[in-house]
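Undergrad: Structure file my_file.txt, compact mmCIF, C-alpha atoms and all ligand atoms, is pasted below:
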```
# COMPACT_ATOMS: atom_id res chain seq x y z
CA LEU A 1 -85.49 85.30 -8.46
CA SER A 2 -83.62 82.68 -6.42
CA PRO A 3 -80.19 81.88 -5.03
CA GLY A 4 -80.17 78.76 -7.19
CA THR A 5 -80.33 75.27 -5.84
CA ALA A 6 -82.41 73.83 -3.05
CA GLU A 7 -79.17 73.13 -1.17
CA GLY A 8 -78.45 76.84 -1.57
CA TYR A 9 -81.66 77.71 0.28
CA SER A 10 -80.94 75.25 3.09
CA ALA A 11 -77.40 76.53 3.61
CA ALA A 12 -78.60 80.15 3.45
CA ALA A 13 -81.39 79.37 5.95
CA ARG A 14 -78.82 78.01 8.43
CA GLU A 15 -76.67 81.08 8.02
CA LEU A 16 -79.59 83.54 8.28
CA SER A 17 -80.94 81.71 11.31
CA ARG A 18 -77.88 82.74 13.31
CA VAL A 19 -78.27 86.36 12.22
CA PHE A 20 -82.00 86.30 13.03
CA ALA A 21 -81.30 84.90 16.52
CA GLU A 22 -79.20 87.97 17.29
CA ARG A 23 -82.00 90.34 16.24
CA GLU A 24 -84.81 88.37 17.86
CA GLU A 25 -84.75 89.85 21.34
CA ARG A 26 -85.34 93.41 20.12
CA TYR A 27 -88.01 92.47 17.59
CA ASP A 28 -89.92 90.44 20.17
CA ALA A 29 -89.52 92.86 23.08
CA GLU A 30 -90.86 95.75 21.02
CA SER A 31 -93.31 93.65 18.91
CA LEU A 32 -91.59 95.03 15.83
CA TYR A 33 -91.99 93.89 12.26
CA PRO A 34 -88.67 92.11 11.49
CA GLU A 35 -87.81 94.40 8.61
CA ALA A 36 -84.13 93.47 8.27
CA ASN A 37 -84.98 89.73 8.32
CA ILE A 38 -87.58 90.12 5.59
CA ARG A 39 -85.14 92.18 3.53
CA ASP A 40 -82.52 89.44 3.89
CA LEU A 41 -85.06 86.83 2.76
CA PHE A 42 -86.00 88.90 -0.29
CA ASP A 43 -82.35 89.62 -1.12
CA ARG A 44 -81.66 85.90 -1.25
CA GLY A 45 -84.77 85.00 -3.23
CA PHE A 46 -86.54 83.09 -0.44
CA PHE A 47 -90.01 84.35 -1.28
CA ALA A 48 -89.64 82.85 -4.76
CA SER A 49 -88.26 79.55 -3.45
CA THR A 50 -91.52 77.65 -3.90
CA ILE A 51 -92.29 78.98 -7.39
CA PRO A 52 -91.33 76.46 -10.10
CA THR A 53 -88.08 77.03 -11.99
CA GLU A 54 -90.01 77.36 -15.30
CA LEU A 55 -91.50 80.55 -13.87
CA GLY A 56 -88.13 81.80 -12.61
CA GLY A 57 -88.46 80.56 -9.03
CA GLY A 58 -86.37 78.25 -6.88
CA GLY A 59 -88.55 75.19 -7.44
CA ILE A 60 -87.89 73.62 -4.04
CA SER A 61 -89.69 70.44 -3.08
CA LEU A 62 -91.92 70.05 -0.02
CA PRO A 63 -89.22 68.32 2.11
CA GLN A 64 -86.72 71.04 1.18
CA TYR A 65 -89.25 73.76 2.04
CA ILE A 66 -89.89 72.15 5.43
CA ASP A 67 -86.15 72.00 6.09
CA VAL A 68 -85.80 75.72 5.29
CA VAL A 69 -88.75 76.72 7.54
CA GLU A 70 -87.33 74.65 10.42
CA HIS A 71 -83.89 76.28 10.20
CA LEU A 72 -85.29 79.80 9.96
CA ALA A 73 -87.48 79.09 12.99
CA GLU A 74 -84.48 78.09 15.08
CA GLY A 75 -83.38 81.71 14.80
CA SER A 76 -86.78 83.42 14.69
CA PRO A 77 -90.13 81.57 14.79
CA SER A 78 -92.01 84.73 13.80
CA THR A 79 -89.85 85.33 10.74
CA ALA A 80 -90.15 81.66 9.76
CA LEU A 81 -93.95 81.97 9.89
CA LEU A 82 -93.79 85.16 7.82
CA TYR A 83 -91.73 83.29 5.24
CA ALA A 84 -93.98 80.23 5.35
CA MET A 85 -97.36 81.91 4.79
CA PRO A 86 -96.83 83.61 1.40
CA SER A 87 -94.49 80.95 0.10
CA ALA A 88 -97.07 78.21 0.72
CA LEU A 89 -99.58 80.40 -1.13
CA VAL A 90 -97.40 81.04 -4.20
CA ALA A 91 -96.53 77.32 -4.22
CA LEU A 92 -99.90 77.03 -5.97
CA ALA A 93 -97.87 77.60 -9.12
CA ALA A 94 -96.38 74.13 -8.58
CA ILE A 95 -99.71 72.25 -8.78
CA PRO A 96 -99.28 69.68 -11.56
CA ARG A 97 -101.32 71.16 -14.40
CA GLU A 98 -103.32 68.00 -15.09
CA PHE A 99 -105.04 68.63 -11.72
CA VAL A 100 -106.24 72.08 -12.80
CA PRO A 101 -109.59 71.72 -14.60
CA ALA A 102 -108.92 71.93 -18.36
CA GLN A 103 -111.25 74.91 -18.91
CA HIS A 104 -109.30 76.98 -16.33
CA ARG A 105 -105.77 75.91 -17.26
CA ALA A 106 -104.79 78.82 -19.54
CA ALA A 107 -106.08 81.46 -17.11
CA PHE A 108 -104.36 79.63 -14.22
CA GLU A 109 -101.05 79.66 -16.08
CA GLY A 110 -101.36 83.38 -16.82
CA GLN A 111 -102.15 84.15 -13.19
CA MET A 112 -99.20 82.13 -11.90
CA GLU A 113 -96.88 84.03 -14.28
CA TRP A 114 -98.30 87.30 -12.92
CA ILE A 115 -97.74 86.13 -9.32
CA ALA A 116 -94.12 85.21 -10.13
CA ARG A 117 -93.54 88.70 -11.56
CA GLU A 118 -95.13 90.34 -8.51
CA VAL A 119 -92.93 88.30 -6.16
CA GLU A 120 -89.89 89.36 -8.18
CA ALA A 121 -91.02 92.96 -7.62
CA ARG A 122 -90.98 92.18 -3.86
CA ARG A 123 -94.74 92.16 -3.39
CA ILE A 124 -95.97 90.23 -0.36
CA PHE A 125 -98.97 87.90 -0.65
CA ALA A 126 -100.51 87.43 2.79
CA VAL A 127 -103.21 84.97 3.84
CA ALA A 128 -106.51 86.18 5.32
CA ASN A 129 -108.54 83.02 5.79
CA SER A 130 -109.31 82.99 9.50
CA GLU A 131 -112.46 84.62 10.79
CA PRO A 132 -113.64 85.31 14.33
CA GLY A 133 -116.01 82.58 15.47
CA ALA A 134 -115.11 80.11 12.70
CA GLY A 135 -112.83 77.98 14.88
CA GLY A 136 -110.43 77.50 11.97
CA ARG A 137 -113.11 75.94 9.77
CA LEU A 138 -113.13 77.16 6.19
CA SER A 139 -116.70 75.90 5.87
CA GLU A 140 -117.74 78.45 8.54
CA THR A 141 -116.49 81.36 6.41
CA LYS A 142 -118.97 84.24 6.65
CA SER A 143 -117.22 86.66 4.29
CA THR A 144 -118.99 86.95 0.97
CA ALA A 145 -117.91 87.67 -2.60
CA VAL A 146 -120.47 89.15 -4.98
CA HIS A 147 -119.86 89.25 -8.70
CA VAL A 148 -120.56 92.81 -9.91
CA ALA A 149 -119.71 94.16 -13.36
CA GLY A 150 -116.85 91.78 -14.10
CA THR A 151 -115.28 92.02 -10.66
CA PHE A 152 -115.80 90.44 -7.23
CA ARG A 153 -116.66 92.60 -4.24
CA LEU A 154 -115.86 91.25 -0.79
CA THR A 155 -117.48 91.97 2.54
CA GLY A 156 -116.49 90.40 5.84
CA ARG A 157 -114.09 90.31 8.78
CA LYS A 158 -110.82 88.43 9.06
CA SER A 159 -108.64 87.73 12.08
CA PHE A 160 -104.91 87.03 12.48
CA CYS A 161 -103.58 88.20 9.17
CA SER A 162 -99.80 87.81 9.42
CA PHE A 163 -97.73 90.52 7.70
CA GLY A 164 -100.70 92.87 8.24
CA PRO A 165 -99.83 96.38 7.03
CA HIS A 166 -96.73 95.17 5.18
CA ALA A 167 -98.62 92.94 2.74
CA HIS A 168 -99.44 94.08 -0.79
CA PHE A 169 -102.14 91.49 -1.46
CA PHE A 170 -104.36 89.46 0.85
CA MET A 171 -105.67 86.08 -0.14
CA CYS A 172 -109.16 86.21 1.37
CA ALA A 173 -111.44 83.22 1.62
CA ALA A 174 -115.05 84.20 0.91
CA ARG A 175 -118.25 82.46 -0.12
CA ASN A 176 -118.65 82.94 -3.84
CA GLY A 177 -122.32 83.87 -4.24
CA THR A 178 -124.27 80.74 -3.38
CA GLY A 179 -121.32 78.57 -4.46
CA PRO A 180 -118.24 77.28 -2.65
CA VAL A 181 -115.76 79.17 -0.49
CA ASP A 182 -113.15 80.48 -2.92
CA ALA A 183 -109.91 82.44 -2.58
CA PHE A 184 -109.72 86.06 -3.77
CA LEU A 185 -106.78 88.42 -4.05
CA VAL A 186 -107.51 91.81 -2.56
CA SER A 187 -105.00 94.65 -2.79
CA ARG A 188 -103.91 96.43 0.37
CA GLU A 189 -104.98 99.62 -1.40
CA ALA A 190 -108.51 98.40 -2.23
CA PRO A 191 -111.24 100.86 -1.22
CA GLY A 192 -113.31 99.36 1.57
CA LEU A 193 -110.43 97.36 3.09
CA LYS A 194 -109.33 98.36 6.60
CA LEU A 195 -106.68 96.82 8.82
CA GLY A 196 -107.25 96.45 12.54
CA ASP A 197 -105.27 97.90 15.38
CA ARG A 198 -101.75 96.98 16.20
CA TRP A 199 -101.32 93.39 17.21
CA SER A 200 -100.59 92.78 20.87
CA ALA A 201 -100.08 89.08 21.51
CA LEU A 202 -98.54 86.67 23.99
CA GLY A 203 -96.07 85.21 21.50
CA MET A 204 -95.06 85.29 17.80
CA ARG A 205 -95.10 89.01 18.41
CA SER A 206 -93.23 90.18 15.36
CA THR A 207 -95.68 88.60 12.90
CA GLU A 208 -98.09 91.58 13.11
CA SER A 209 -101.01 89.22 12.62
CA VAL A 210 -103.74 91.84 12.64
CA SER A 211 -107.45 91.77 11.87
CA LEU A 212 -108.95 93.05 8.64
CA ALA A 213 -112.40 94.29 7.63
CA MET A 214 -113.80 94.51 4.10
CA GLU A 215 -116.86 96.43 3.01
CA ASP A 216 -117.63 95.96 -0.66
CA ALA A 217 -113.89 95.79 -1.38
CA PRO A 218 -113.08 94.99 -5.03
CA ALA A 219 -110.87 91.95 -5.56
CA GLU A 220 -108.03 91.93 -8.08
CA ALA A 221 -108.94 88.39 -9.06
CA LEU A 222 -110.29 85.05 -7.96
CA LEU A 223 -107.17 83.06 -7.04
CA GLY A 224 -106.69 79.87 -9.03
CA TYR A 225 -110.09 78.71 -10.22
CA PRO A 226 -113.63 78.39 -8.79
CA GLY A 227 -113.80 75.45 -6.38
CA MET A 228 -110.01 75.29 -5.87
CA LEU A 229 -110.11 75.45 -2.07
CA GLU A 230 -112.28 72.35 -2.04
CA GLY A 231 -110.35 70.74 -4.90
CA HIS A 232 -106.63 70.41 -5.56
CA ASN A 233 -104.56 73.01 -3.73
CA MET A 234 -101.40 73.40 -1.68
CA ARG A 235 -102.86 73.82 1.80
CA HIS A 236 -100.84 70.85 3.00
CA TRP A 237 -97.70 72.98 2.46
CA SER A 238 -98.81 75.50 5.08
CA THR A 239 -100.05 72.80 7.46
CA LEU A 240 -96.64 71.10 7.40
CA ALA A 241 -94.85 74.46 7.50
CA PHE A 242 -96.67 75.29 10.75
CA ALA A 243 -95.33 72.06 12.22
CA ALA A 244 -91.84 73.02 11.01
CA VAL A 245 -92.01 76.50 12.59
CA PHE A 246 -92.76 75.04 16.02
CA LEU A 247 -90.30 72.18 15.66
CA GLY A 248 -87.61 74.78 14.99
CA ALA A 249 -88.83 76.79 17.98
CA GLY A 250 -88.75 73.59 20.08
CA ARG A 251 -85.13 72.91 19.09
CA ALA A 252 -84.11 76.45 20.00
CA LEU A 253 -85.90 76.09 23.33
CA PHE A 254 -84.15 72.79 24.05
CA ASP A 255 -80.79 74.48 23.42
CA ALA A 256 -81.77 77.38 25.65
CA VAL A 257 -82.50 75.15 28.68
CA ARG A 258 -80.13 72.23 28.34
CA PHE A 259 -77.27 73.81 30.32
CA THR A 260 -79.34 75.53 33.00
CA SER A 261 -78.74 74.50 36.61
CA ALA A 262 -82.24 73.03 37.01
CA ALA A 263 -81.49 70.78 34.03
CA ARG A 264 -78.79 69.06 36.11
CA SER A 265 -81.28 67.77 38.69
CA ALA A 266 -82.63 64.21 38.38
CA LEU A 267 -85.99 65.53 37.23
CA GLY A 268 -84.31 67.95 34.85
CA GLN A 269 -82.28 65.14 33.27
CA THR A 270 -85.44 63.08 32.72
CA TRP A 271 -87.38 65.97 31.24
CA LEU A 272 -84.49 66.92 28.97
CA ALA A 273 -84.17 63.36 27.71
CA GLU A 274 -87.91 63.22 27.04
CA PHE A 275 -87.83 66.57 25.25
CA HIS A 276 -84.94 65.36 23.11
CA LEU A 277 -86.69 62.10 22.25
CA PHE A 278 -89.82 64.02 21.33
CA LEU A 279 -87.91 66.39 19.02
CA GLU A 280 -86.24 63.43 17.29
CA ALA A 281 -89.54 61.60 16.80
CA ALA A 282 -91.34 64.76 15.69
CA GLY A 283 -88.58 65.55 13.17
CA GLY A 284 -88.76 62.02 11.75
CA PHE A 285 -92.56 62.11 11.52
CA LEU A 286 -92.47 65.49 9.79
CA ARG A 287 -89.74 64.57 7.27
CA ASP A 288 -91.37 61.24 6.51
CA THR A 289 -94.76 62.88 5.91
CA ALA A 290 -93.35 65.69 3.74
CA GLY A 291 -91.54 63.08 1.64
CA GLY A 292 -94.84 61.33 0.88
CA GLU A 293 -96.37 64.02 -1.35
CA THR A 294 -97.55 62.32 -4.52
CA TRP A 295 -100.32 63.63 -6.77
CA PRO A 296 -103.25 63.22 -6.57
CA LEU A 297 -102.98 63.69 -2.80
CA SER A 298 -104.51 60.72 -1.01
CA ALA A 299 -106.91 60.95 1.95
CA GLU A 300 -104.25 59.14 4.01
CA PHE A 301 -101.62 61.76 3.13
CA LYS A 302 -103.97 64.58 4.13
CA ARG A 303 -104.74 62.79 7.42
CA ARG A 304 -101.02 62.47 8.14
CA THR A 305 -100.37 66.17 7.49
CA LEU A 306 -103.06 67.01 10.03
CA ALA A 307 -101.70 64.41 12.47
CA VAL A 308 -98.13 65.65 12.25
CA LYS A 309 -99.13 69.32 12.65
CA THR A 310 -101.16 68.35 15.71
CA PHE A 311 -98.48 66.08 17.22
CA VAL A 312 -95.62 68.54 16.76
CA THR A 313 -97.33 71.76 17.85
CA GLN A 314 -99.10 70.22 20.83
CA GLY A 315 -95.93 68.40 21.91
CA VAL A 316 -93.76 71.50 21.67
CA ALA A 317 -96.33 73.55 23.61
CA GLU A 318 -96.43 70.89 26.37
CA HIS A 319 -92.65 70.56 26.59
CA ALA A 320 -92.41 74.35 26.70
CA GLY A 321 -94.22 74.32 30.07
CA ARG A 322 -91.54 72.01 31.49
CA ALA A 323 -88.78 74.02 29.81
CA LEU A 324 -89.94 77.10 31.69
CA THR A 325 -89.65 75.15 34.95
CA LEU A 326 -86.13 74.07 33.96
CA GLY A 327 -85.27 77.66 33.11
CA GLY A 328 -86.11 78.48 36.72
CA GLY A 329 -86.73 81.85 38.31
CA SER A 330 -84.30 83.63 36.00
CA ALA A 331 -86.26 82.52 32.92
CA TYR A 332 -89.54 83.41 34.60
CA THR A 333 -88.55 86.88 35.63
CA GLY A 334 -85.74 87.76 33.25
CA TYR A 335 -86.28 88.63 29.65
CA GLY A 336 -84.47 86.05 27.52
CA PRO A 337 -84.73 83.25 24.97
CA VAL A 338 -86.54 80.79 27.28
CA GLN A 339 -89.29 83.22 28.16
CA ARG A 340 -89.63 84.31 24.55
CA LEU A 341 -89.66 80.83 23.03
CA VAL A 342 -92.17 79.51 25.58
CA ARG A 343 -94.55 82.30 24.57
CA ASP A 344 -93.99 81.52 20.89
CA ALA A 345 -94.54 77.79 21.43
CA VAL A 346 -98.02 78.33 22.83
CA ALA A 347 -99.19 79.67 19.45
CA GLY A 348 -98.54 76.40 17.58
CA PRO A 349 -101.79 74.59 18.47
CA LEU A 350 -103.80 77.74 17.63
CA LEU A 351 -102.62 77.84 14.05
CA ARG A 352 -104.83 76.32 11.42
CA PRO A 353 -106.26 73.79 11.86
CA PRO A 354 -106.53 74.69 15.57
CA LEU A 355 -106.22 71.85 18.07
CA PRO A 356 -109.93 71.32 18.92
CA PHE A 357 -110.85 71.20 15.23
CA ALA A 358 -107.89 68.95 14.40
CA TYR A 359 -108.91 66.43 17.08
CA GLU A 360 -112.50 66.53 15.92
CA THR A 361 -111.39 65.62 12.39
CA LEU A 362 -108.87 62.96 13.44
CA ASN A 363 -111.31 61.35 15.89
CA ARG A 364 -114.12 61.32 13.35
CA GLU A 365 -111.92 59.32 11.01
CA LEU A 366 -110.91 56.92 13.78
CA THR A 367 -114.45 56.20 14.86
CA GLU A 368 -116.13 56.14 11.45
CA ASP A 369 -117.67 52.77 10.75
CA GLU A 370 -116.17 51.65 7.47
CA HIS A 371 -119.27 49.53 6.74
CA ALA A 372 -121.72 52.36 7.44
C1 LIG A 401 -99.27 83.84 15.33
C2 LIG A 401 -100.47 83.55 14.48
C3 LIG A 401 -100.44 83.90 13.14
C4 LIG A 401 -101.55 83.64 12.32
N1 LIG A 401 -101.52 84.02 11.01
C5 LIG A 401 -102.61 83.82 10.22
C6 LIG A 401 -102.63 84.27 8.86
O1 LIG A 401 -101.66 84.86 8.35
N2 LIG A 401 -103.74 84.07 8.13
C7 LIG A 401 -104.84 83.43 8.63
O2 LIG A 401 -105.81 83.25 7.90
N3 LIG A 401 -104.86 83.00 9.92
C8 LIG A 401 -103.77 83.17 10.72
N4 LIG A 401 -103.80 82.75 12.04
C9 LIG A 401 -105.05 82.16 12.57
C10 LIG A 401 -104.95 80.69 12.86
O3 LIG A 401 -104.52 79.97 11.73
C11 LIG A 401 -106.29 80.15 13.34
O4 LIG A 401 -107.24 80.16 12.36
C12 LIG A 401 -106.83 80.92 14.48
O5 LIG A 401 -105.84 81.06 15.48
C13 LIG A 401 -108.02 80.18 15.01
O6 LIG A 401 -108.62 81.04 15.91
P1 LIG A 401 -109.66 80.46 16.97
O7 LIG A 401 -110.84 79.96 16.24
O8 LIG A 401 -108.93 79.54 17.88
O9 LIG A 401 -110.02 81.78 17.76
P2 LIG A 401 -111.32 82.16 18.50
O10 LIG A 401 -112.32 82.66 17.52
O11 LIG A 401 -110.87 83.06 19.58
O12 LIG A 401 -111.90 80.81 19.14
C14 LIG A 401 -111.73 80.50 20.49
C15 LIG A 401 -112.02 79.03 20.73
O13 LIG A 401 -113.35 78.71 20.31
C16 LIG A 401 -113.35 77.66 19.37
N5 LIG A 401 -114.29 77.98 18.29
C17 LIG A 401 -114.43 79.17 17.67
N6 LIG A 401 -115.38 79.09 16.73
C18 LIG A 401 -115.84 77.82 16.74
C19 LIG A 401 -116.83 77.13 15.98
N7 LIG A 401 -117.53 77.72 15.01
N8 LIG A 401 -117.05 75.82 16.27
C20 LIG A 401 -116.36 75.21 17.25
N9 LIG A 401 -115.41 75.83 18.00
C21 LIG A 401 -115.16 77.10 17.75
C22 LIG A 401 -111.93 77.66 18.80
O14 LIG A 401 -111.54 76.37 18.30
C23 LIG A 401 -111.11 78.08 19.98
O15 LIG A 401 -110.81 76.97 20.79
C24 LIG A 401 -102.70 83.00 12.87
C25 LIG A 401 -102.72 82.65 14.22
C26 LIG A 401 -101.62 82.93 15.03
C27 LIG A 401 -101.69 82.53 16.48
```
Let me see the file written as structure tokens.

TA:
Amino acid sequence: LSPGTAEGYSAAARELSRVFAEREERYDAESLYPEANIRDLFDRGFFASTIPTELGGGGISLPQYIDVVEHLAEGSPSTALLYAMPSALVALAAIPREFVPAQHRAAFEGQMEWIAREVEARRIFAVANSEPGAGGRLSETKSTAVHVAGTFRLTGRKSFCSFGPHAHFFMCAARNGTGPVDAFLVSREAPGLKLGDRWSALGMRSTESVSLAMEDAPAEALLGYPGMLEGHNMRHWSTLAFAAVFLGAGRALFDAVRFTSAARSALGQTWLAEFHLFLEAAGGFLRDTAGGETWPLSAEFKRRTLAVKTFVTQGVAEHAGRALTLGGGSAYTGYGPVQRLVRDAVAGPLLRPPLPFAYETLNRELTEDEHA
């Protein structure tokens, strides 16, 4: 399944990043699915990188995963996001088993083995959590799952499902009867499942993050175990991966503007220095946070993952505005890396948890009276 060691993935990510950068202009300009990039990632076992070695995967750690996402994003932010989404999902297989409720452990193990086999067969597991009008809040999920004759049937609407028509399975969040919001695997071929129109977006254009509608669509399975989304899961992997995608995009943007003529002005020099300082601080914050994953995950660790995602994506989006000014008229009117990366950078704060929701959560914790 994998190219071997974690170092192998990092080195391969650096190498692929250069290849991806050469293909990026065409993929972005035509909003194309980056087929050759995804094939390269499969050929080198990247989609199995987060599956534990006992199940035949690469078994990379969270800091190594973040490093890989960052490097891929330097070449292609869209491709890095396409790598990050399913690999954070299949990283579920790495949850230490003592945190899976004992009564669900055997079934969980069997399902993770099945997922590993499906990934080996080059099946793509996409994530369909977001819903229109939910503001990135899982608790606002309106999709429902009804248990009928041994299977779950899902009804609802999803937005922004990256990989869209190229996915084989969608992980759909839905309210399980009157119980919690759970995750369900729905096949692309399920009757009652329809994908929305082609995706036409400002940036991250080759992710094909389309909408999806389900009408009584049968699920293949409940993913993990009932209550998992509110219990122990790997959502922090995707939150940190989103930060890594936009940090990589920020680095590429810095490189794209550093030698422009506007960057030689006094203002340009100041802005460049500030951008550089920000990227250094953001990289340190991200690496330090990713290195702090210890089970059970503490409330402080979860707060930091949210803080770092917010800090990095918001910072990159803000610096992107200045970078466009430094790129000057040629970047504004001409089609090139600056224009493309600025558009990509704007998507960072929208990704889950979106900026308004993230601030709401972080501020609530800051202002909560500990004696209340
Ligand atoms: C490139 C890209 C790829 C993505 N890929 C995926 C994916 O693969 N899978 C996936 O599940 N999601 C994906 N997303 C979705 C993303 O993670 C967010 O969930 C989504 O962007 C949030 O949408 P929104 O609520 O801002 O949008 P809108 O519904 O347009 O909301 C607009 C504004 O209203 C606010 N708002 C909306 N509803 C509420 C509410 N109930 N309460 C308070 N405020 C509200 C929002 O915070 C926002 O500021 C992707 C997004 C992007 C940009």

Undergrad: Residues of chain A that have any atom at most 9 Å from an atom of ligand LIG 401 (chain A): could you tabulate them with the shortest-distance atom pair and the distance in Å to one decimal, using only C-alpha atoms and all ligand atoms, ordered by chain and increasing number, as JSON lines?

TA:
```
{"residue": "A:Ser78", "atom": "CA", "partner": "A:LIG401", "partner_atom": "C1", "distance": 7.5}
{"residue": "A:Leu81", "atom": "CA", "partner": "A:LIG401", "partner_atom": "C3", "distance": 7.5}
{"residue": "A:Leu82", "atom": "CA", "partner": "A:LIG401", "partner_atom": "O1", "distance": 7.9}
{"residue": "A:Met85", "atom": "CA", "partner": "A:LIG401", "partner_atom": "O1", "distance": 6.3}
{"residue": "A:Pro86", "atom": "CA", "partner": "A:LIG401", "partner_atom": "O1", "distance": 8.6}
{"residue": "A:Ala126", "atom": "CA", "partner": "A:LIG401", "partner_atom": "O1", "distance": 6.2}
{"residue": "A:Val127", "atom": "CA", "partner": "A:LIG401", "partner_atom": "N2", "distance": 4.4}
{"residue": "A:Ala128", "atom": "CA", "partner": "A:LIG401", "partner_atom": "O2", "distance": 4.0}
{"residue": "A:Asn129", "atom": "CA", "partner": "A:LIG401", "partner_atom": "O2", "distance": 3.5}
{"residue": "A:Ser130", "atom": "CA", "partner": "A:LIG401", "partner_atom": "O2", "distance": 3.9}
{"residue": "A:Glu131", "atom": "CA", "partner": "A:LIG401", "partner_atom": "O10", "distance": 7.0}
{"residue": "A:Pro132", "atom": "CA", "partner": "A:LIG401", "partner_atom": "O10", "distance": 4.4}
{"residue": "A:Gly133", "atom": "CA", "partner": "A:LIG401", "partner_atom": "N6", "distance": 3.8}
{"residue": "A:Ala134", "atom": "CA", "partner": "A:LIG401", "partner_atom": "N7", "distance": 4.1}
{"residue": "A:Gly135", "atom": "CA", "partner": "A:LIG401", "partner_atom": "O7", "distance": 3.1}
{"residue": "A:Gly136", "atom": "CA", "partner": "A:LIG401", "partner_atom": "O4", "distance": 4.2}
{"residue": "A:Arg137", "atom": "CA", "partner": "A:LIG401", "partner_atom": "N7", "distance": 7.1}
{"residue": "A:Glu140", "atom": "CA", "partner": "A:LIG401", "partner_atom": "N7", "distance": 6.5}
{"residue": "A:Lys158", "atom": "CA", "partner": "A:LIG401", "partner_atom": "O2", "distance": 7.3}
{"residue": "A:Ser159", "atom": "CA", "partner": "A:LIG401", "partner_atom": "N3", "distance": 6.4}
{"residue": "A:Phe160", "atom": "CA", "partner": "A:LIG401", "partner_atom": "C8", "distance": 4.4}
{"residue": "A:Cys161", "atom": "CA", "partner": "A:LIG401", "partner_atom": "O1", "distance": 3.9}
{"residue": "A:Ser162", "atom": "CA", "partner": "A:LIG401", "partner_atom": "O1", "distance": 3.6}
{"residue": "A:Phe163", "atom": "CA", "partner": "A:LIG401", "partner_atom": "O1", "distance": 6.9}
{"residue": "A:Gly164", "atom": "CA", "partner": "A:LIG401", "partner_atom": "O1", "distance": 8.1}
{"residue": "A:Met171", "atom": "CA", "partner": "A:LIG401", "partner_atom": "O2", "distance": 8.5}
{"residue": "A:Cys172", "atom": "CA", "partner": "A:LIG401", "partner_atom": "O2", "distance": 7.9}
{"residue": "A:Ala173", "atom": "CA", "partner": "A:LIG401", "partner_atom": "O2", "distance": 8.4}
{"residue": "A:Ala201", "atom": "CA", "partner": "A:LIG401", "partner_atom": "C1", "distance": 8.1}
{"residue": "A:Gly203", "atom": "CA", "partner": "A:LIG401", "partner_atom": "C1", "distance": 7.1}
{"residue": "A:Met204", "atom": "CA", "partner": "A:LIG401", "partner_atom": "C1", "distance": 5.1}
{"residue": "A:Arg205", "atom": "CA", "partner": "A:LIG401", "partner_atom": "C1", "distance": 7.3}
{"residue": "A:Ser206", "atom": "CA", "partner": "A:LIG401", "partner_atom": "C1", "distance": 8.8}
{"residue": "A:Thr207", "atom": "CA", "partner": "A:LIG401", "partner_atom": "C1", "distance": 6.4}
{"residue": "A:Glu208", "atom": "CA", "partner": "A:LIG401", "partner_atom": "C3", "distance": 8.0}
{"residue": "A:Ser209", "atom": "CA", "partner": "A:LIG401", "partner_atom": "C3", "distance": 5.4}
{"residue": "A:Val210", "atom": "CA", "partner": "A:LIG401", "partner_atom": "N1", "distance": 8.3}
{"residue": "A:Asp344", "atom": "CA", "partner": "A:LIG401", "partner_atom": "C1", "distance": 8.0}
{"residue": "A:Val346", "atom": "CA", "partner": "A:LIG401", "partner_atom": "C27", "distance": 8.5}
{"residue": "A:Ala347", "atom": "CA", "partner": "A:LIG401", "partner_atom": "C27", "distance": 4.8}
{"residue": "A:Gly348", "atom": "CA", "partner": "A:LIG401", "partner_atom": "C27", "distance": 7.0}
{"residue": "A:Pro349", "atom": "CA", "partner": "A:LIG401", "partner_atom": "C27", "distance": 8.2}
{"residue": "A:Leu350", "atom": "CA", "partner": "A:LIG401", "partner_atom": "O5", "distance": 4.5}
{"residue": "A:Leu351", "atom": "CA", "partner": "A:LIG401", "partner_atom": "O3", "distance": 3.7}
{"residue": "A:Arg352", "atom": "CA", "partner": "A:LIG401", "partner_atom": "O3", "distance": 3.7}
{"residue": "A:Pro353", "atom": "CA", "partner": "A:LIG401", "partner_atom": "O3", "distance": 6.4}
{"residue": "A:Pro354", "atom": "CA", "partner": "A:LIG401", "partner_atom": "C13", "distance": 5.7}
{"residue": "A:Leu355", "atom": "CA", "partner": "A:LIG401", "partner_atom": "O14", "distance": 7.0}
{"residue": "A:Pro356", "atom": "CA", "partner": "A:LIG401", "partner_atom": "O14", "distance": 5.3}
{"residue": "A:Phe357", "atom": "CA", "partner": "A:LIG401", "partner_atom": "O14", "distance": 6.1}
```

Undergrad: Using only C-alpha atoms, find the one residue out of A:Ser200, A:Asn233, A:Thr333, A:Ser265 that sits nearest to Ala93 of chain A.

TA: A:Asn233

Undergrad: So how many Å separate atom CA of Ser139 of chain A and atom CA of Gly110 of chain A, to one decimal?

TA: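 So the two atoms, atom CA of Ser139 of chain A and atom CA of Gly110 of chain A, lie 28.4 Å apart.
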
Undergrad: Can you tell me how far atom CA of Tyr335 of chain A sits from atom CA of Ala256 of chain A, in Å to one decimal?

TA: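 Atom CA of Ala256 of chain A lies at a distance of 12.8 Å from atom CA of Tyr335 of chain A.
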
Undergrad: In Å, how far is it from atom CA of Pro96 of chain A to atom CA of Thr294 of chain A?

TA: 10.3 Å

Undergrad: Name the closest residue to Ser143 of chain A among the candidates A:Ala217, A:Glu74, A:Gln103, A:Ala167; distances are taken between atoms, counting all atoms listed in the file.

TA: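 Result for the nearest residue to Ser143 of chain A: A:Ala217.
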
Undergrad: Counting all atoms listed in the file, which residues sit no farther than 8 Å from the position (-104.7, 97.3, 13.8) in the file's frame? I'd like them as JSON, numbers by chain.

TA: {"A": [195, 196, 197, 198, 199, 210, 211, 212]}
